[in-house]
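Peer 1: Handing you a structure now.
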Amino acid sequence: MSRAEPRVMLVATIALTFVTGIVDAVGFLGLDRVFTGNMTGNIVILGMGVAGADELPVLGPAVALAAFTLGAFVAGLALRSLPSGWHGRMTVLLLVGAATLCGLTAAAALVGDHPSVPVQVVMAAATAAVMGQQAMVARALAVKDMTTVVVTSTLAGLAGETWVSAASGRVINRRAGAILVIFAGAVAGALLLRVHFAIPFAVAAAVTVAVVVALRRRSRDAAEPDVRRRAVL
């Protein structure tokens, strides 16, 4: 296990939460109203779509749910039995996710701003699988009050636990920060989508790679004193 400072892991988790906001905006606005990060929205849309309400999509949300679950399952297998903190397997998972987002960037550049429904479903599924992996990496990092994809329970905890305790510094904390960051990501995703369909995917990939680089560098720096100490002994 490589060690990274809790502050660095917190910043990394915040960055991944921002990525969730970006891809959810792209999914809902550009991929036929499909959420690719927050699966609660997909379940609700799927339920209403099955009931035939407002011609809501069924295939897209269902495929995204399955892809997210599969991504989380694969990541869970890779990360099981590991203690909390940064590990090399997380590097692999996040880099696979970044590579997938790069592939989606290229695909979006090729298909333009209005891809066909089958292409939208495939792109939504690929993005959701990446988000499933990312969610498991965030859980393994175990940064308190940061999940990258869950807003409802975070908001409930903020209002019903954090604010109720009435301690100093409780109005703005990690939970509030997580909500604001995913909101900012959604704003960014929607604005970038106006420029070109491919740009939000490219930004999401770049942020993911930056997270990997920052965590690996900090983990290596934190491990060097231990290596020198063992060498002296």
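Residue numbering restarts at 1 for every chain of the structure tokens, chains are lettered A, B, ... in their displayed order, and ligands are numbered from 1 as they appear.
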Please return, as number ranges by chain, all residues of chain A that DSSP assigns to alpha helix (DSSP H) on the basis of the backbone.
Peer 2: A: 6-30, 39-50, 59-79, 88-111, 117-141, 152-157, 163-165, 174-195, 199-232
Peer 1: I'd like the contact shell of segment 134-147 of chain A - 8 Å cut-off, only C-alpha atoms, skipping same-chain residues fewer than 3 positions apart - returned as a VMD selection string.
Peer 2: chain A and resid 6 9 to 10 13 to 14 16 to 17 72 75 to 76 79 83 to 86 90 93 to 94 97 130 to 131 150 154 174 to 175 178
Peer 1: Keeping only N, CA and C atoms, take the residues you just selected and write them out as a compact mmCIF listing (two decimals), in the first residue's frame.
Peer 2:
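Written file, again.txt:
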# COMPACT_ATOMS: atom_id res chain seq x y z
N PRO A 6 -4.15 12.62 3.78
CA PRO A 6 -5.61 12.73 3.70
C PRO A 6 -6.07 13.95 2.91
N MET A 9 -5.92 13.13 -0.77
CA MET A 9 -7.00 12.22 -1.14
C MET A 9 -8.34 12.94 -1.16
N LEU A 10 -8.54 13.90 -0.26
CA LEU A 10 -9.76 14.69 -0.26
C LEU A 10 -9.88 15.50 -1.55
N THR A 13 -10.73 13.23 -4.42
CA THR A 13 -12.13 12.82 -4.42
C THR A 13 -13.03 13.96 -4.88
N ILE A 14 -12.70 15.17 -4.48
CA ILE A 14 -13.46 16.34 -4.95
C ILE A 14 -13.36 16.44 -6.48
N LEU A 16 -12.84 14.03 -8.62
CA LEU A 16 -13.63 12.97 -9.23
C LEU A 16 -15.13 13.27 -9.13
N THR A 17 -15.54 13.95 -8.07
CA THR A 17 -16.93 14.38 -7.95
C THR A 17 -17.27 15.39 -9.04
N ALA A 72 -18.73 -1.20 -11.39
CA ALA A 72 -18.52 -1.26 -9.95
C ALA A 72 -18.12 -2.66 -9.50
N ALA A 75 -14.46 -3.34 -10.53
CA ALA A 75 -13.58 -2.59 -9.65
C ALA A 75 -13.58 -3.17 -8.24
N GLY A 76 -14.75 -3.61 -7.78
CA GLY A 76 -14.83 -4.22 -6.46
C GLY A 76 -14.00 -5.49 -6.36
N LEU A 79 -10.37 -4.45 -6.03
CA LEU A 79 -9.99 -3.74 -4.82
C LEU A 79 -10.33 -4.49 -3.53
N PRO A 83 -6.73 -2.70 2.22
CA PRO A 83 -7.06 -1.67 3.22
C PRO A 83 -7.33 -0.34 2.55
N SER A 84 -7.93 0.60 3.31
CA SER A 84 -8.21 1.90 2.73
C SER A 84 -6.92 2.65 2.42
N GLY A 85 -6.99 3.55 1.47
CA GLY A 85 -5.81 4.29 1.06
C GLY A 85 -5.53 4.07 -0.42
N TRP A 86 -4.45 4.65 -0.89
CA TRP A 86 -4.12 4.58 -2.31
C TRP A 86 -3.32 3.33 -2.63
N MET A 90 -5.71 1.05 -8.02
CA MET A 90 -6.54 2.22 -8.28
C MET A 90 -6.00 3.00 -9.47
N LEU A 93 -7.28 1.24 -12.53
CA LEU A 93 -8.71 1.45 -12.75
C LEU A 93 -8.99 2.86 -13.27
N LEU A 94 -8.37 3.86 -12.65
CA LEU A 94 -8.62 5.23 -13.08
C LEU A 94 -8.04 5.51 -14.46
N GLY A 97 -10.33 4.10 -16.94
CA GLY A 97 -11.44 5.03 -17.08
C GLY A 97 -11.09 6.24 -17.92
N VAL A 130 -17.42 3.59 -16.51
CA VAL A 130 -16.31 4.35 -15.93
C VAL A 130 -16.71 4.92 -14.57
N MET A 131 -17.91 5.45 -14.48
CA MET A 131 -18.37 6.03 -13.22
C MET A 131 -18.55 4.96 -12.14
N VAL A 150 -23.13 10.15 -4.97
CA VAL A 150 -24.38 10.17 -4.21
C VAL A 150 -24.62 11.57 -3.66
N THR A 154 -25.99 12.48 0.87
CA THR A 154 -25.06 13.52 1.32
C THR A 154 -25.83 14.74 1.81
N ARG A 174 -17.37 19.26 4.22
CA ARG A 174 -17.17 18.36 3.09
C ARG A 174 -18.47 17.99 2.40
N ARG A 175 -19.50 17.76 3.16
CA ARG A 175 -20.77 17.37 2.55
C ARG A 175 -21.31 18.50 1.68
N ALA A 178 -19.16 18.71 -1.39
CA ALA A 178 -19.43 17.67 -2.40
C ALA A 178 -20.63 18.05 -3.25
Peer 1: Between A:Leu82, A:Ala186, A:Arg89, A:Ala62, which one has atoms that come closest to Thr40 of chain A, using only C-alpha atoms?
Peer 2: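 Residue with the minimum atom-to-atom distance to Thr40 of chain A: A:Ala62.
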Peer 1: How many Å lie between atom CA of Leu29 of chain A and atom CA of Met123 of chain A, rounded to one decimal?
Peer 2: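 Between atom CA of Leu29 of chain A and atom CA of Met123 of chain A the gap is 13.0 Å.
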Peer 1: Considering only C-alpha atoms, state which residue in the set A:Val213, A:Val207, A:Val195, A:Ala78 is at the smallest distance from Asp113 of chain A.
Peer 2: A:Val195
Peer 1: I need the residue nearest Phe73 of chain A from this list: A:Ala176, A:Leu101, A:Ala15, A:Ala129. Use only C-alpha atoms for the distance.
Peer 2: A:Ala129
Peer 1: Set the distance at 6 Å and use only C-alpha atoms: which residues neighbour Phe68 of chain A once local chain neighbours fewer than 4 positions away are removed? I'd like the list as a PyMOL selection string.
Peer 2: chain A and resi 64+128-129+132
Peer 1: What's around segment 46-57 of chain A at 9 Å? Count only C-alpha atoms, leave out sequence neighbours fewer than 3 positions away in its own chain, and write the answer as a ChimeraX atom specification.
Peer 2: /A:32-34,41-43,60-62
Peer 1: From the options A:Cys102, A:Val119, A:Ala184, A:Ala126, which residue's atoms come nearest to Leu70 of chain A, counting only C-alpha atoms?
Peer 2: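 Distance minimum relative to Leu70 of chain A lands on A:Ala126.
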Peer 1: Using only C-alpha atoms, which of A:Thr91, A:Thr36, A:Thr69, A:Ser219 sits nearest Thr127 of chain A?
Peer 2: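 Closest to Thr127 of chain A, using only C-alpha atoms: A:Thr36.
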